[in-house]
$ cat input.pdb   # PDB, C-alpha atoms and all ligand atoms
ATOM      1  CA  MET A1375      89.817  51.844 126.826
ATOM      2  CA  GLU A1376      92.338  49.581 128.577
ATOM      3  CA  THR A1377      94.652  51.759 130.617
ATOM      4  CA  PRO A1378      96.028  51.783 134.191
ATOM      5  CA  LEU A1379      93.316  54.311 135.033
ATOM      6  CA  ALA A1380      90.609  52.054 133.649
ATOM      7  CA  THR A1381      91.966  49.129 135.662
ATOM      8  CA  ALA A1382      92.102  51.185 138.874
ATOM      9  CA  LEU A1383      88.574  52.440 138.169
ATOM     10  CA  GLN A1384      87.350  48.870 137.775
ATOM     11  CA  LEU A1385      88.850  47.978 141.187
ATOM     12  CA  VAL A1386      87.359  51.029 142.891
ATOM     13  CA  ARG A1387      83.922  50.345 141.379
ATOM     14  CA  SER A1388      84.100  46.773 142.589
ATOM     15  CA  ALA A1389      84.923  48.002 146.139
ATOM     16  CA  ILE A1390      82.000  50.456 145.914
ATOM     17  CA  GLY A1391      79.713  47.586 144.915
ATOM     18  CA  SER A1392      80.810  45.579 147.985
ATOM     19  CA  LEU A1393      80.401  48.532 150.353
ATOM     20  CA  GLU A1394      76.989  49.487 148.987
ATOM     21  CA  GLY A1395      75.698  46.158 150.222
ATOM     22  CA  ALA A1396      77.228  46.639 153.683
ATOM     23  CA  ALA A1397      75.352  48.520 156.423
ATOM     24  CA  GLY A1398      76.890  50.884 159.031
ATOM     25  CA  SER A1399      78.230  54.406 159.296
ATOM     26  CA  SER A1400      81.923  53.380 159.086
ATOM     27  CA  SER A1401      81.349  52.012 155.568
ATOM     28  CA  ALA A1402      79.496  55.208 154.527
ATOM     29  CA  GLY A1403      82.681  57.332 154.743
ATOM     30  CA  ALA A1404      84.724  54.732 152.872
ATOM     31  CA  LEU A1405      82.009  54.489 150.235
ATOM     32  CA  GLN A1406      81.971  58.254 149.702
ATOM     33  CA  SER A1407      85.785  58.345 149.353
ATOM     34  CA  LEU A1408      85.681  55.552 146.812
ATOM     35  CA  GLN A1409      82.888  57.264 144.868
ATOM     36  CA  LEU A1410      85.009  60.426 144.668
ATOM     37  CA  ALA A1411      88.037  58.375 143.577
ATOM     38  CA  ALA A1412      85.888  56.692 140.898
ATOM     39  CA  ALA A1413      84.674  60.079 139.619
ATOM     40  CA  LEU A1414      88.282  61.312 139.483
ATOM     41  CA  LEU A1415      89.624  58.215 137.726
ATOM     42  CA  GLY A1416      86.681  57.952 135.353
ATOM     43  CA  GLY A1417      86.786  61.610 134.361
ATOM     44  CA  LEU A1418      90.476  61.980 133.639
ATOM     45  CA  ASP A1419      90.912  60.220 130.280
ATOM     46  CA  PRO A1420      87.771  61.768 128.705
ATOM     47  CA  TYR A1421      88.916  65.193 129.967
ATOM     48  CA  LEU A1422      92.435  64.740 128.526
ATOM     49  CA  ASP A1423      90.870  63.648 125.254
ATOM     50  CA  ALA A1424      88.416  66.550 125.113
ATOM     51  CA  SER A1425      91.109  69.103 126.047
ATOM     52  CA  SER A1426      93.575  68.045 123.339
ATOM     53  CA  SER A1427      93.630  69.255 119.723
ATOM     54  CA  ARG A1428      91.135  67.433 117.529
ATOM     55  CA  GLY A1429      93.082  67.020 114.277
ATOM     56  CA  PRO A1430      91.445  67.219 110.837
ATOM     57  CA  PRO A1431      87.693  66.412 110.430
ATOM     58  CA  ALA A1432      88.533  63.076 108.781
ATOM     59  CA  LEU A1433      90.189  62.000 112.034
ATOM     60  CA  GLN A1434      86.939  62.191 114.014
ATOM     61  CA  ALA A1435      85.169  60.283 111.240
ATOM     62  CA  LEU A1436      87.857  57.573 111.415
ATOM     63  CA  ILE A1437      87.630  57.428 115.237
ATOM     64  CA  ASP A1438      83.823  57.092 114.935
ATOM     65  CA  GLU A1439      84.226  54.305 112.361
ATOM     66  CA  THR A1440      86.758  52.548 114.629
ATOM     67  CA  GLU A1441      84.336  52.726 117.559
ATOM     68  CA  SER A1442      81.245  51.553 115.684
ATOM     69  CA  HIS A1443      82.845  48.919 113.433
ATOM     70  CA  ASP A1444      81.676  45.311 113.732
ATOM     71  CA  TRP A1445      84.982  43.911 114.992
ATOM     72  CA  ALA A1446      83.434  40.659 116.243
ATOM     73  CA  GLY A1447      82.067  40.050 112.726
ATOM     74  CA  ALA A1448      85.405  40.901 111.094
ATOM     75  CA  PHE A1449      87.159  38.364 113.330
ATOM     76  CA  ARG A1450      84.442  35.742 112.820
ATOM     77  CA  ASP A1451      84.759  36.179 109.035
ATOM     78  CA  LYS A1452      88.559  35.829 109.340
ATOM     79  CA  LYS A1453      89.141  39.295 107.916
ATOM     80  CA  VAL A1454      91.379  40.238 110.850
ATOM     81  CA  SER A1455      93.872  38.071 112.715
ATOM     82  CA  PHE A1456      92.987  39.216 116.242
ATOM     83  CA  GLU A1457      89.926  39.771 118.430
ATOM     84  CA  VAL A1458      90.163  43.495 117.900
ATOM     85  CA  THR A1459      88.422  46.145 120.011
ATOM     86  CA  SER A1460      88.144  49.854 119.297
ATOM     87  CA  GLY A1461      90.407  50.394 122.349
ATOM     88  CA  TRP A1462      93.323  49.311 120.161
ATOM     89  CA  SER A1463      93.272  52.767 118.619
ATOM     90  CA  ALA A1464      95.516  55.276 120.375
ATOM     91  CA  GLY A1465      92.622  57.726 119.950
ATOM     92  CA  ASN A1466      92.604  61.485 119.777
ATOM     93  CA  TYR A1467      94.604  62.330 122.924
ATOM     94  CA  GLU A1468      97.608  60.094 122.287
ATOM     95  CA  GLY A1469      97.429  60.639 118.530
ATOM     96  CA  SER A1470      97.521  64.413 118.934
ATOM     97  CA  PHE A1471     100.480  64.079 121.311
ATOM     98  CA  ILE A1472     102.468  61.999 118.815
ATOM     99  CA  ALA A1473     101.578  64.422 116.013
ATOM    100  CA  LEU A1474     102.922  67.296 118.134
ATOM    101  CA  VAL A1475     106.161  65.368 118.729
ATOM    102  CA  ALA A1476     106.482  64.977 114.948
ATOM    103  CA  ARG A1477     105.935  68.703 114.475
ATOM    104  CA  ALA A1478     108.267  69.706 117.314
ATOM    105  CA  ILE A1479     111.192  67.711 115.937
ATOM    106  CA  LYS A1480     110.302  68.734 112.348
ATOM    107  CA  ALA A1481     110.020  65.087 111.335
ATOM    108  CA  LYS A1482     109.983  64.417 107.614
ATOM    109  CA  ARG A1483     110.246  60.641 107.621
ATOM    110  CA  VAL A1484     108.137  58.580 109.998
ATOM    111  CA  LEU A1485     107.696  54.842 110.585
ATOM    112  CA  GLU A1486     104.727  53.348 112.427
ATOM    113  CA  VAL A1487     104.912  49.676 113.428
ATOM    114  CA  GLY A1488     101.307  48.442 113.856
ATOM    115  CA  MET A1489      98.781  50.733 112.146
ATOM    116  CA  PHE A1490      95.325  49.299 113.003
ATOM    117  CA  THR A1491      92.658  51.683 111.592
ATOM    118  CA  GLY A1492      95.229  54.440 111.133
ATOM    119  CA  THR A1493      94.013  57.121 113.559
ATOM    120  CA  THR A1494      97.573  57.890 114.716
ATOM    121  CA  THR A1495      98.846  57.499 111.150
ATOM    122  CA  LEU A1496      96.410  60.195 110.025
ATOM    123  CA  CYS A1497      97.324  62.515 112.943
ATOM    124  CA  ILE A1498     101.045  62.242 112.185
ATOM    125  CA  ALA A1499     100.681  62.549 108.405
ATOM    126  CA  ASP A1500      98.605  65.692 108.873
ATOM    127  CA  SER A1501     101.409  67.206 110.979
ATOM    128  CA  LEU A1502     104.248  66.592 108.494
ATOM    129  CA  PRO A1503     105.629  69.696 106.747
ATOM    130  CA  LYS A1504     103.855  70.654 103.551
ATOM    131  CA  ASP A1505     106.792  72.513 102.033
ATOM    132  CA  GLY A1506     107.298  70.200  99.088
ATOM    133  CA  LYS A1507     110.406  68.551 100.525
ATOM    134  CA  VAL A1508     110.609  64.777 100.850
ATOM    135  CA  ARG A1509     108.196  63.650 103.532
ATOM    136  CA  GLY A1510     106.266  60.538 104.205
ATOM    137  CA  LEU A1511     105.073  57.932 106.589
ATOM    138  CA  ILE A1512     105.500  54.181 106.236
ATOM    139  CA  ALA A1513     102.920  52.240 108.267
ATOM    140  CA  LEU A1514     103.381  48.509 108.849
ATOM    141  CA  GLU A1515     100.352  46.300 109.406
ATOM    142  CA  ILE A1516      99.775  42.551 109.259
ATOM    143  CA  ASP A1517      96.126  42.699 108.163
ATOM    144  CA  GLU A1518      95.228  44.075 104.722
ATOM    145  CA  TYR A1519      91.682  44.744 106.018
ATOM    146  CA  PHE A1520      92.901  47.818 107.924
ATOM    147  CA  LYS A1521      94.636  49.249 104.858
ATOM    148  CA  HIS A1522      91.333  49.213 102.935
ATOM    149  CA  LEU A1523      89.345  50.529 105.898
ATOM    150  CA  ALA A1524      91.705  53.491 106.412
ATOM    151  CA  ALA A1525      92.194  54.434 102.731
ATOM    152  CA  PRO A1526      89.081  56.648 102.235
ATOM    153  CA  PHE A1527      89.781  58.524 105.468
ATOM    154  CA  PHE A1528      93.412  59.172 104.447
ATOM    155  CA  ALA A1529      92.113  60.423 101.089
ATOM    156  CA  LYS A1530      89.533  62.687 102.754
ATOM    157  CA  ALA A1531      92.283  64.202 104.934
ATOM    158  CA  GLY A1532      94.454  64.817 101.850
ATOM    159  CA  VAL A1533      97.332  62.677 103.146
ATOM    160  CA  ALA A1534      96.884  59.475 101.099
ATOM    161  CA  ASP A1535      99.832  60.341  98.840
ATOM    162  CA  ILE A1536     102.324  60.485 101.717
ATOM    163  CA  ILE A1537     101.237  57.306 103.532
ATOM    164  CA  ASP A1538     102.735  54.017 102.390
ATOM    165  CA  VAL A1539     100.956  51.103 104.115
ATOM    166  CA  ARG A1540     103.012  47.918 103.891
ATOM    167  CA  VAL A1541     101.085  44.762 104.684
ATOM    168  CA  GLY A1542     102.856  41.770 106.240
ATOM    169  CA  PRO A1543     104.675  40.701 109.396
ATOM    170  CA  ALA A1544     106.236  43.921 110.662
ATOM    171  CA  LEU A1545     109.513  42.378 111.783
ATOM    172  CA  GLU A1546     110.203  41.147 108.248
ATOM    173  CA  SER A1547     109.417  44.628 106.898
ATOM    174  CA  VAL A1548     111.697  46.326 109.452
ATOM    175  CA  GLN A1549     114.501  43.856 108.729
ATOM    176  CA  ALA A1550     114.098  44.492 104.989
ATOM    177  CA  MET A1551     114.358  48.257 105.612
ATOM    178  CA  ALA A1552     117.658  47.937 107.464
ATOM    179  CA  GLY A1553     120.336  49.122 105.075
ATOM    180  CA  THR A1554     117.875  50.091 102.340
ATOM    181  CA  GLU A1555     115.723  52.871 103.847
ATOM    182  CA  GLU A1556     116.985  56.292 104.937
ATOM    183  CA  PRO A1557     116.810  56.779 108.740
ATOM    184  CA  PHE A1558     113.483  57.886 110.228
ATOM    185  CA  ASP A1559     113.063  61.041 112.333
ATOM    186  CA  LEU A1560     110.204  59.507 114.296
ATOM    187  CA  ILE A1561     109.339  55.852 114.849
ATOM    188  CA  PHE A1562     106.237  54.669 116.717
ATOM    189  CA  ILE A1563     106.203  51.012 117.808
ATOM    190  CA  ASP A1564     102.680  49.754 118.583
ATOM    191  CA  ALA A1565     102.278  46.218 117.159
ATOM    192  CA  ASP A1566     102.505  42.796 118.898
ATOM    193  CA  LYS A1567     103.974  43.407 122.345
ATOM    194  CA  THR A1568     106.044  40.195 122.398
ATOM    195  CA  GLY A1569     107.819  41.505 119.293
ATOM    196  CA  TYR A1570     108.924  44.803 120.852
ATOM    197  CA  HIS A1571     112.400  43.547 121.773
ATOM    198  CA  ASP A1572     113.157  42.459 118.209
ATOM    199  CA  TYR A1573     111.690  45.610 116.622
ATOM    200  CA  TYR A1574     113.789  47.714 119.004
ATOM    201  CA  GLU A1575     117.011  45.761 118.451
ATOM    202  CA  THR A1576     116.608  45.752 114.655
ATOM    203  CA  ILE A1577     115.964  49.508 114.635
ATOM    204  CA  MET A1578     118.789  50.381 117.045
ATOM    205  CA  SER A1579     121.391  48.143 115.434
ATOM    206  CA  SER A1580     120.610  49.126 111.834
ATOM    207  CA  GLY A1581     120.644  52.913 112.066
ATOM    208  CA  LEU A1582     116.940  53.203 111.168
ATOM    209  CA  LEU A1583     116.476  55.818 113.917
ATOM    210  CA  ALA A1584     118.080  59.083 112.785
ATOM    211  CA  LYS A1585     120.545  60.928 115.046
ATOM    212  CA  GLY A1586     118.345  63.254 117.070
ATOM    213  CA  GLY A1587     115.328  61.159 116.094
ATOM    214  CA  VAL A1588     112.661  60.018 118.539
ATOM    215  CA  LEU A1589     111.455  56.461 119.087
ATOM    216  CA  LEU A1590     108.074  56.244 120.833
ATOM    217  CA  VAL A1591     106.876  52.895 122.159
ATOM    218  CA  ASP A1592     103.249  52.356 123.176
ATOM    219  CA  ASN A1593     101.701  50.342 126.030
ATOM    220  CA  THR A1594     104.863  50.288 128.126
ATOM    221  CA  LEU A1595     102.851  50.531 131.353
ATOM    222  CA  TYR A1596     100.560  47.750 130.132
ATOM    223  CA  LYS A1597      97.794  48.498 132.614
ATOM    224  CA  ALA A1598     100.497  49.519 135.144
ATOM    225  CA  SER A1599     100.495  45.938 136.282
ATOM    226  CA  LYS A1600     103.696  44.357 137.429
ATOM    227  CA  GLU A1601     103.924  40.602 137.019
ATOM    228  CA  GLN A1602     102.387  39.970 140.444
ATOM    229  CA  LEU A1603      99.234  41.721 139.179
ATOM    230  CA  GLY A1604      99.188  39.459 136.149
ATOM    231  CA  HIS A1605      95.571  38.438 136.687
ATOM    232  CA  LEU A1606      94.557  42.006 135.795
ATOM    233  CA  GLN A1607      96.368  41.881 132.489
ATOM    234  CA  LEU A1608      94.468  40.864 129.400
ATOM    235  CA  ASN A1609      97.512  39.005 128.148
ATOM    236  CA  ALA A1610     100.123  37.783 130.648
ATOM    237  CA  ASP A1611     102.658  37.122 127.847
ATOM    238  CA  TYR A1612     102.377  40.777 126.837
ATOM    239  CA  GLY A1613     102.818  41.840 130.479
ATOM    240  CA  ARG A1614     105.986  39.771 130.863
ATOM    241  CA  ALA A1615     107.351  40.925 127.489
ATOM    242  CA  LEU A1616     106.779  44.588 128.333
ATOM    243  CA  THR A1617     108.318  44.283 131.806
ATOM    244  CA  ALA A1618     111.410  42.724 130.186
ATOM    245  CA  PHE A1619     111.377  45.320 127.397
ATOM    246  CA  ASN A1620     111.306  48.234 129.863
ATOM    247  CA  LYS A1621     114.291  46.760 131.720
ATOM    248  CA  HIS A1622     116.142  46.148 128.450
ATOM    249  CA  VAL A1623     115.744  49.788 127.370
ATOM    250  CA  ASN A1624     116.600  51.071 130.841
ATOM    251  CA  ASP A1625     119.843  49.010 130.831
ATOM    252  CA  ASP A1626     120.783  50.039 127.284
ATOM    253  CA  ALA A1627     123.670  52.539 127.353
ATOM    254  CA  ARG A1628     123.004  53.466 123.694
ATOM    255  CA  VAL A1629     119.846  55.366 124.609
ATOM    256  CA  GLU A1630     118.151  57.728 127.035
ATOM    257  CA  ALA A1631     114.509  56.998 127.769
ATOM    258  CA  SER A1632     111.587  58.244 129.794
ATOM    259  CA  VAL A1633     108.270  56.457 130.360
ATOM    260  CA  LEU A1634     105.357  58.896 130.091
ATOM    261  CA  PRO A1635     102.045  57.959 131.776
ATOM    262  CA  ILE A1636      99.998  58.769 128.679
ATOM    263  CA  ARG A1637      97.086  56.298 128.485
ATOM    264  CA  ASP A1638      98.734  52.862 128.688
ATOM    265  CA  GLY A1639     102.263  54.341 128.811
ATOM    266  CA  VAL A1640     104.433  55.784 126.046
ATOM    267  CA  THR A1641     108.226  55.479 126.282
ATOM    268  CA  TRP A1642     110.216  58.289 124.658
ATOM    269  CA  ILE A1643     113.628  57.025 123.507
ATOM    270  CA  MET A1644     116.540  58.896 121.892
ATOM    271  CA  HIS A1645     120.154  58.052 121.148
ATOM    272  CA  ALA A1646     122.353  58.827 124.175
ATOM    273  CA  LYS A1647     124.242  62.116 123.956
TER     274      LYS A1647
HETATM  275  C1  LIG B1701      97.379  48.445 119.047
HETATM  276  S1  LIG B1701      97.110  48.256 117.361
HETATM  277  C2  LIG B1701      97.912  49.667 116.661
HETATM  278  C3  LIG B1701      97.213  50.952 116.970
HETATM  279  C4  LIG B1701      97.685  52.124 116.161
HETATM  280  N1  LIG B1701      99.126  52.277 116.174
HETATM  281  C5  LIG B1701      97.051  53.399 116.680
HETATM  282  O1  LIG B1701      97.803  54.260 117.163
HETATM  283  O2  LIG B1701      95.837  53.524 116.646
HETATM  284  C6  LIG B1701      98.261  46.998 116.917
HETATM  285  C7  LIG B1701      98.233  46.651 115.442
HETATM  286  O3  LIG B1701      99.382  45.851 115.160
HETATM  287  C8  LIG B1701      99.016  44.868 114.219
HETATM  288  N2  LIG B1701      99.955  43.759 114.351
HETATM  289  C9  LIG B1701     100.017  42.825 115.317
HETATM  290  N3  LIG B1701     101.022  41.981 115.103
HETATM  291  C10 LIG B1701     101.645  42.395 113.978
HETATM  292  C11 LIG B1701     102.760  41.940 113.244
HETATM  293  N4  LIG B1701     103.479  40.883 113.618
HETATM  294  N5  LIG B1701     103.108  42.621 112.134
HETATM  295  C12 LIG B1701     102.411  43.720 111.731
HETATM  296  N6  LIG B1701     101.342  44.188 112.394
HETATM  297  C13 LIG B1701     100.962  43.542 113.499
HETATM  298  C14 LIG B1701      97.591  44.484 114.583
HETATM  299  O4  LIG B1701      96.920  43.924 113.484
HETATM  300  C15 LIG B1701      97.020  45.832 115.031
HETATM  301  O5  LIG B1701      96.355  46.451 113.980
END
$ encode --input "input.pdb" --output "structure tokens"
Amino acid sequence: METPLATALQLVRSAIGSLEGAAGSSSAGALQSLQLAAALLGGLDPYLDASSSRGPPALQALIDETESHDWAGAFRDKKVSFEVTSGWSAGNYEGSFIALVARAIKAKRVLEVGMFTGTTTLCIADSLPKDGKVRGLIALEIDEYFKHLAAPFFAKAGVADIIDVRVGPALESVQAMAGTEEPFDLIFIDADKTGYHDYYETIMSSGLLAKGGVLLVDNTLYKASKEQLGHLQLNADYGRALTAFNKHVNDDARVEASVLPIRDGVTWIMHAK
């Protein structure tokens, strides 16, 4: 998992490694403090995950498949466009949070930008009302491979009929929706980070986010690294894009927003009152 906590844990473990090699009683106290900090940092995400609702059984099967899949082989065989890791999945904790948001606002129409293996897609779809009224989730994804991988798990969870996976560059799909699709109650942006600005602007300027709707944006802490900590970021372009994106949203009088420290950061955005 690549989160601010994981990055801090890596730093603390590295300091522990240095101190373990050093002799002397003054380093013993520092070492013990760092070991406690490492236990705290290392235990938090698994605890949050274990303490949050688990979703339908098919979700755990999909999470297991995501974790054990041969991603290196899929990339080598050119089945996926990126060097994927299982950490790309928002996982159970964040997925269950987003599903609860959908339930709390009684979302009927949902858009996800960047689906990957569909763990969050499945969580949200499972939370949509089953009262026979129009409901559904459109998930945008550039790689067809993920659509095929997710399909049996969506079917097992009984939500395949309400999930519409659209394969292709997500910005083109979002632009095509502007003016043709009804507004969405919940939108989750989680695709290429350098594209966030354009996804956001297209959505906000086209009325795709319903009045009272919620726009959630993932990875907005991006390892909690400001630009000066760029060497800790896996992708400096993503770090710069997300720093600029956060400022853009914060300066935007059309919306109110709050950055939540869930995993790698989730920004909650709504139209201004
Ligand atoms: C971080 S993963 C999404 C994780 C997923 N939302 C979840 O909650 O588990 C990002 C996904 O966006 C997809 N993606 C990247 N660039 C894209 C683009 N331009 N258009 C559509 N999908 C894209 C990637 O293939 C990847 O599957």
$ axis_aligned_box --input "input.pdb" --around "ligand LIG 1701 (chain B)" --padding-each-side "4 Å" --output "JSON"
{"center_x": 99.7, "center_y": 47.6, "center_z": 115.4, "size_x": 15.6, "size_y": 21.4, "size_z": 15.3}
$ residues_around --input "input.pdb" --residues "region 1571-1587 of chain A" --least-positions-apart "5" --cutoff "10 Å" --atoms "only C-alpha atoms" --output "short mmCIF file (atom, residue, chain, number, x, y, z; two decimals) with C-alpha atoms, keeping the file's coordinate frame"
data_model
loop_
_atom_site.label_atom_id
_atom_site.label_comp_id
_atom_site.auth_asym_id
_atom_site.auth_seq_id
_atom_site.Cartn_x
_atom_site.Cartn_y
_atom_site.Cartn_z
CA ALA A 1476 106.48 64.98 114.95
CA ILE A 1479 111.19 67.71 115.94
CA LYS A 1480 110.30 68.73 112.35
CA ALA A 1481 110.02 65.09 111.34
CA ARG A 1483 110.25 60.64 107.62
CA VAL A 1484 108.14 58.58 110.00
CA LEU A 1485 107.70 54.84 110.58
CA VAL A 1487 104.91 49.68 113.43
CA ALA A 1544 106.24 43.92 110.66
CA LEU A 1545 109.51 42.38 111.78
CA GLU A 1546 110.20 41.15 108.25
CA VAL A 1548 111.70 46.33 109.45
CA GLN A 1549 114.50 43.86 108.73
CA MET A 1551 114.36 48.26 105.61
CA ALA A 1552 117.66 47.94 107.46
CA GLY A 1553 120.34 49.12 105.08
CA THR A 1554 117.88 50.09 102.34
CA GLU A 1555 115.72 52.87 103.85
CA GLU A 1556 116.98 56.29 104.94
CA PRO A 1557 116.81 56.78 108.74
CA PHE A 1558 113.48 57.89 110.23
CA ASP A 1559 113.06 61.04 112.33
CA LEU A 1560 110.20 59.51 114.30
CA ILE A 1561 109.34 55.85 114.85
CA ILE A 1563 106.20 51.01 117.81
CA ALA A 1565 102.28 46.22 117.16
CA ASP A 1566 102.50 42.80 118.90
CA ALA A 1615 107.35 40.92 127.49
CA LEU A 1616 106.78 44.59 128.33
CA ALA A 1618 111.41 42.72 130.19
CA PHE A 1619 111.38 45.32 127.40
CA ASN A 1620 111.31 48.23 129.86
CA HIS A 1622 116.14 46.15 128.45
CA VAL A 1623 115.74 49.79 127.37
CA ARG A 1628 123.00 53.47 123.69
CA VAL A 1629 119.85 55.37 124.61
CA ILE A 1643 113.63 57.02 123.51
CA MET A 1644 116.54 58.90 121.89
CA HIS A 1645 120.15 58.05 121.15
CA ALA A 1646 122.35 58.83 124.18
CA LYS A 1647 124.24 62.12 123.96
#
$ atom_distance --input "input.pdb" --atom1 "CA of Ile1437 (chain A)" --atom2 "atom O2 of ligand LIG 1701 (chain B)"
9.2 Å
$ closest_atom_pairs --input "input.pdb" --of "chain A" --to "ligand LIG 1701 (chain B)" --cutoff "9 Å" --atoms "only C-alpha atoms and all ligand atoms" --output "tab-separated table"
residue	atom	partner	partner_atom	distance
A:Val1454	CA	B:LIG1701	O4	7.2
A:Ser1455	CA	B:LIG1701	O4	6.6
A:Phe1456	CA	B:LIG1701	O4	6.7
A:Val1458	CA	B:LIG1701	C15	7.8
A:Ser1460	CA	B:LIG1701	O2	8.9
A:Gly1461	CA	B:LIG1701	C1	8.0
A:Trp1462	CA	B:LIG1701	C1	4.3
A:Ser1463	CA	B:LIG1701	O2	3.3
A:Ala1464	CA	B:LIG1701	O1	4.1
A:Gly1465	CA	B:LIG1701	O2	6.2
A:Glu1468	CA	B:LIG1701	O1	7.8
A:Gly1469	CA	B:LIG1701	O1	6.5
A:Glu1486	CA	B:LIG1701	N1	6.8
A:Val1487	CA	B:LIG1701	N6	6.6
A:Gly1488	CA	B:LIG1701	O3	3.5
A:Met1489	CA	B:LIG1701	N1	4.3
A:Phe1490	CA	B:LIG1701	O5	3.2
A:Thr1491	CA	B:LIG1701	O2	6.2
A:Gly1492	CA	B:LIG1701	O2	5.6
A:Thr1493	CA	B:LIG1701	O2	5.1
A:Thr1494	CA	B:LIG1701	O1	4.4
A:Thr1495	CA	B:LIG1701	O1	6.9
A:Ala1513	CA	B:LIG1701	N1	8.8
A:Leu1514	CA	B:LIG1701	C12	5.7
A:Glu1515	CA	B:LIG1701	N6	3.8
A:Ile1516	CA	B:LIG1701	C12	3.8
A:Asp1517	CA	B:LIG1701	O4	5.5
A:Glu1518	CA	B:LIG1701	O4	8.9
A:Phe1520	CA	B:LIG1701	O5	7.1
A:Arg1540	CA	B:LIG1701	C12	8.9
A:Val1541	CA	B:LIG1701	C12	7.2
A:Gly1542	CA	B:LIG1701	C12	5.8
A:Pro1543	CA	B:LIG1701	N5	3.7
A:Ala1544	CA	B:LIG1701	N5	3.7
A:Leu1545	CA	B:LIG1701	N5	6.4
A:Glu1546	CA	B:LIG1701	N5	8.2
A:Ser1547	CA	B:LIG1701	N5	8.4
A:Phe1562	CA	B:LIG1701	N1	7.5
A:Ile1563	CA	B:LIG1701	N1	7.4
A:Asp1564	CA	B:LIG1701	N1	5.0
A:Ala1565	CA	B:LIG1701	O3	3.5
A:Asp1566	CA	B:LIG1701	N3	4.2
A:Lys1567	CA	B:LIG1701	N3	7.9
A:Gly1569	CA	B:LIG1701	N4	7.2
A:Asp1592	CA	B:LIG1701	N1	8.1
A:Asn1593	CA	B:LIG1701	C1	8.4
$ write_last_selection --input "input.pdb" --atoms "C-alpha atoms" --output "PDB file, in the coordinates of the input"
ATOM      1  CA  VAL A1454      91.379  40.238 110.850  1.00  0.00           C
ATOM      2  CA  SER A1455      93.872  38.071 112.715  1.00  0.00           C
ATOM      3  CA  PHE A1456      92.987  39.216 116.242  1.00  0.00           C
ATOM      4  CA  VAL A1458      90.163  43.495 117.900  1.00  0.00           C
ATOM      5  CA  SER A1460      88.144  49.854 119.297  1.00  0.00           C
ATOM      6  CA  GLY A1461      90.407  50.394 122.349  1.00  0.00           C
ATOM      7  CA  TRP A1462      93.323  49.311 120.161  1.00  0.00           C
ATOM      8  CA  SER A1463      93.272  52.767 118.619  1.00  0.00           C
ATOM      9  CA  ALA A1464      95.516  55.276 120.375  1.00  0.00           C
ATOM     10  CA  GLY A1465      92.622  57.726 119.950  1.00  0.00           C
ATOM     11  CA  GLU A1468      97.608  60.094 122.287  1.00  0.00           C
ATOM     12  CA  GLY A1469      97.429  60.639 118.530  1.00  0.00           C
ATOM     13  CA  GLU A1486     104.727  53.348 112.427  1.00  0.00           C
ATOM     14  CA  VAL A1487     104.912  49.676 113.428  1.00  0.00           C
ATOM     15  CA  GLY A1488     101.307  48.442 113.856  1.00  0.00           C
ATOM     16  CA  MET A1489      98.781  50.733 112.146  1.00  0.00           C
ATOM     17  CA  PHE A1490      95.325  49.299 113.003  1.00  0.00           C
ATOM     18  CA  THR A1491      92.658  51.683 111.592  1.00  0.00           C
ATOM     19  CA  GLY A1492      95.229  54.440 111.133  1.00  0.00           C
ATOM     20  CA  THR A1493      94.013  57.121 113.559  1.00  0.00           C
ATOM     21  CA  THR A1494      97.573  57.890 114.716  1.00  0.00           C
ATOM     22  CA  THR A1495      98.846  57.499 111.150  1.00  0.00           C
ATOM     23  CA  ALA A1513     102.920  52.240 108.267  1.00  0.00           C
ATOM     24  CA  LEU A1514     103.381  48.509 108.849  1.00  0.00           C
ATOM     25  CA  GLU A1515     100.352  46.300 109.406  1.00  0.00           C
ATOM     26  CA  ILE A1516      99.775  42.551 109.259  1.00  0.00           C
ATOM     27  CA  ASP A1517      96.126  42.699 108.163  1.00  0.00           C
ATOM     28  CA  GLU A1518      95.228  44.075 104.722  1.00  0.00           C
ATOM     29  CA  PHE A1520      92.901  47.818 107.924  1.00  0.00           C
ATOM     30  CA  ARG A1540     103.012  47.918 103.891  1.00  0.00           C
ATOM     31  CA  VAL A1541     101.085  44.762 104.684  1.00  0.00           C
ATOM     32  CA  GLY A1542     102.856  41.770 106.240  1.00  0.00           C
ATOM     33  CA  PRO A1543     104.675  40.701 109.396  1.00  0.00           C
ATOM     34  CA  ALA A1544     106.236  43.921 110.662  1.00  0.00           C
ATOM     35  CA  LEU A1545     109.513  42.378 111.783  1.00  0.00           C
ATOM     36  CA  GLU A1546     110.203  41.147 108.248  1.00  0.00           C
ATOM     37  CA  SER A1547     109.417  44.628 106.898  1.00  0.00           C
ATOM     38  CA  PHE A1562     106.237  54.669 116.717  1.00  0.00           C
ATOM     39  CA  ILE A1563     106.203  51.012 117.808  1.00  0.00           C
ATOM     40  CA  ASP A1564     102.680  49.754 118.583  1.00  0.00           C
ATOM     41  CA  ALA A1565     102.278  46.218 117.159  1.00  0.00           C
ATOM     42  CA  ASP A1566     102.505  42.796 118.898  1.00  0.00           C
ATOM     43  CA  LYS A1567     103.974  43.407 122.345  1.00  0.00           C
ATOM     44  CA  GLY A1569     107.819  41.505 119.293  1.00  0.00           C
ATOM     45  CA  ASP A1592     103.249  52.356 123.176  1.00  0.00           C
ATOM     46  CA  ASN A1593     101.701  50.342 126.030  1.00  0.00           C
TER      47      ASN A1593
END
$ atom_distance --input "input.pdb" --atom1 "CA of Thr1594 (chain A)" --atom2 "CA of Ala1499 (chain A)"
23.6 Å
$ atom_distance --input "input.pdb" --atom1 "CA of Leu1589 (chain A)" --atom2 "CA of Ala1473 (chain A)"
13.1 Å
$ residues_around --input "input.pdb" --residues "Ala1404 (chain A)" --least-positions-apart "5" --cutoff "9 Å" --atoms "all atoms listed in the file" --output "number ranges by chain"
A: 1390, 1393, 1409
$ resolve_selection --input "input.pdb" --expression "the PyMOL selection byres (((chain A and resi 1431) around 12) and not hetatm)" --output "list in words"
Ser1427, Arg1428, Gly1429, Pro1430, Ala1432, Leu1433, Gln1434, Ala1435, Leu1436, Ile1437, Asp1438, Asn1466, Thr1493, Leu1496, Cys1497, Asp1500, Phe1527, Phe1528, Ala1529, Lys1530, Ala1531 and Gly1532 of chain A
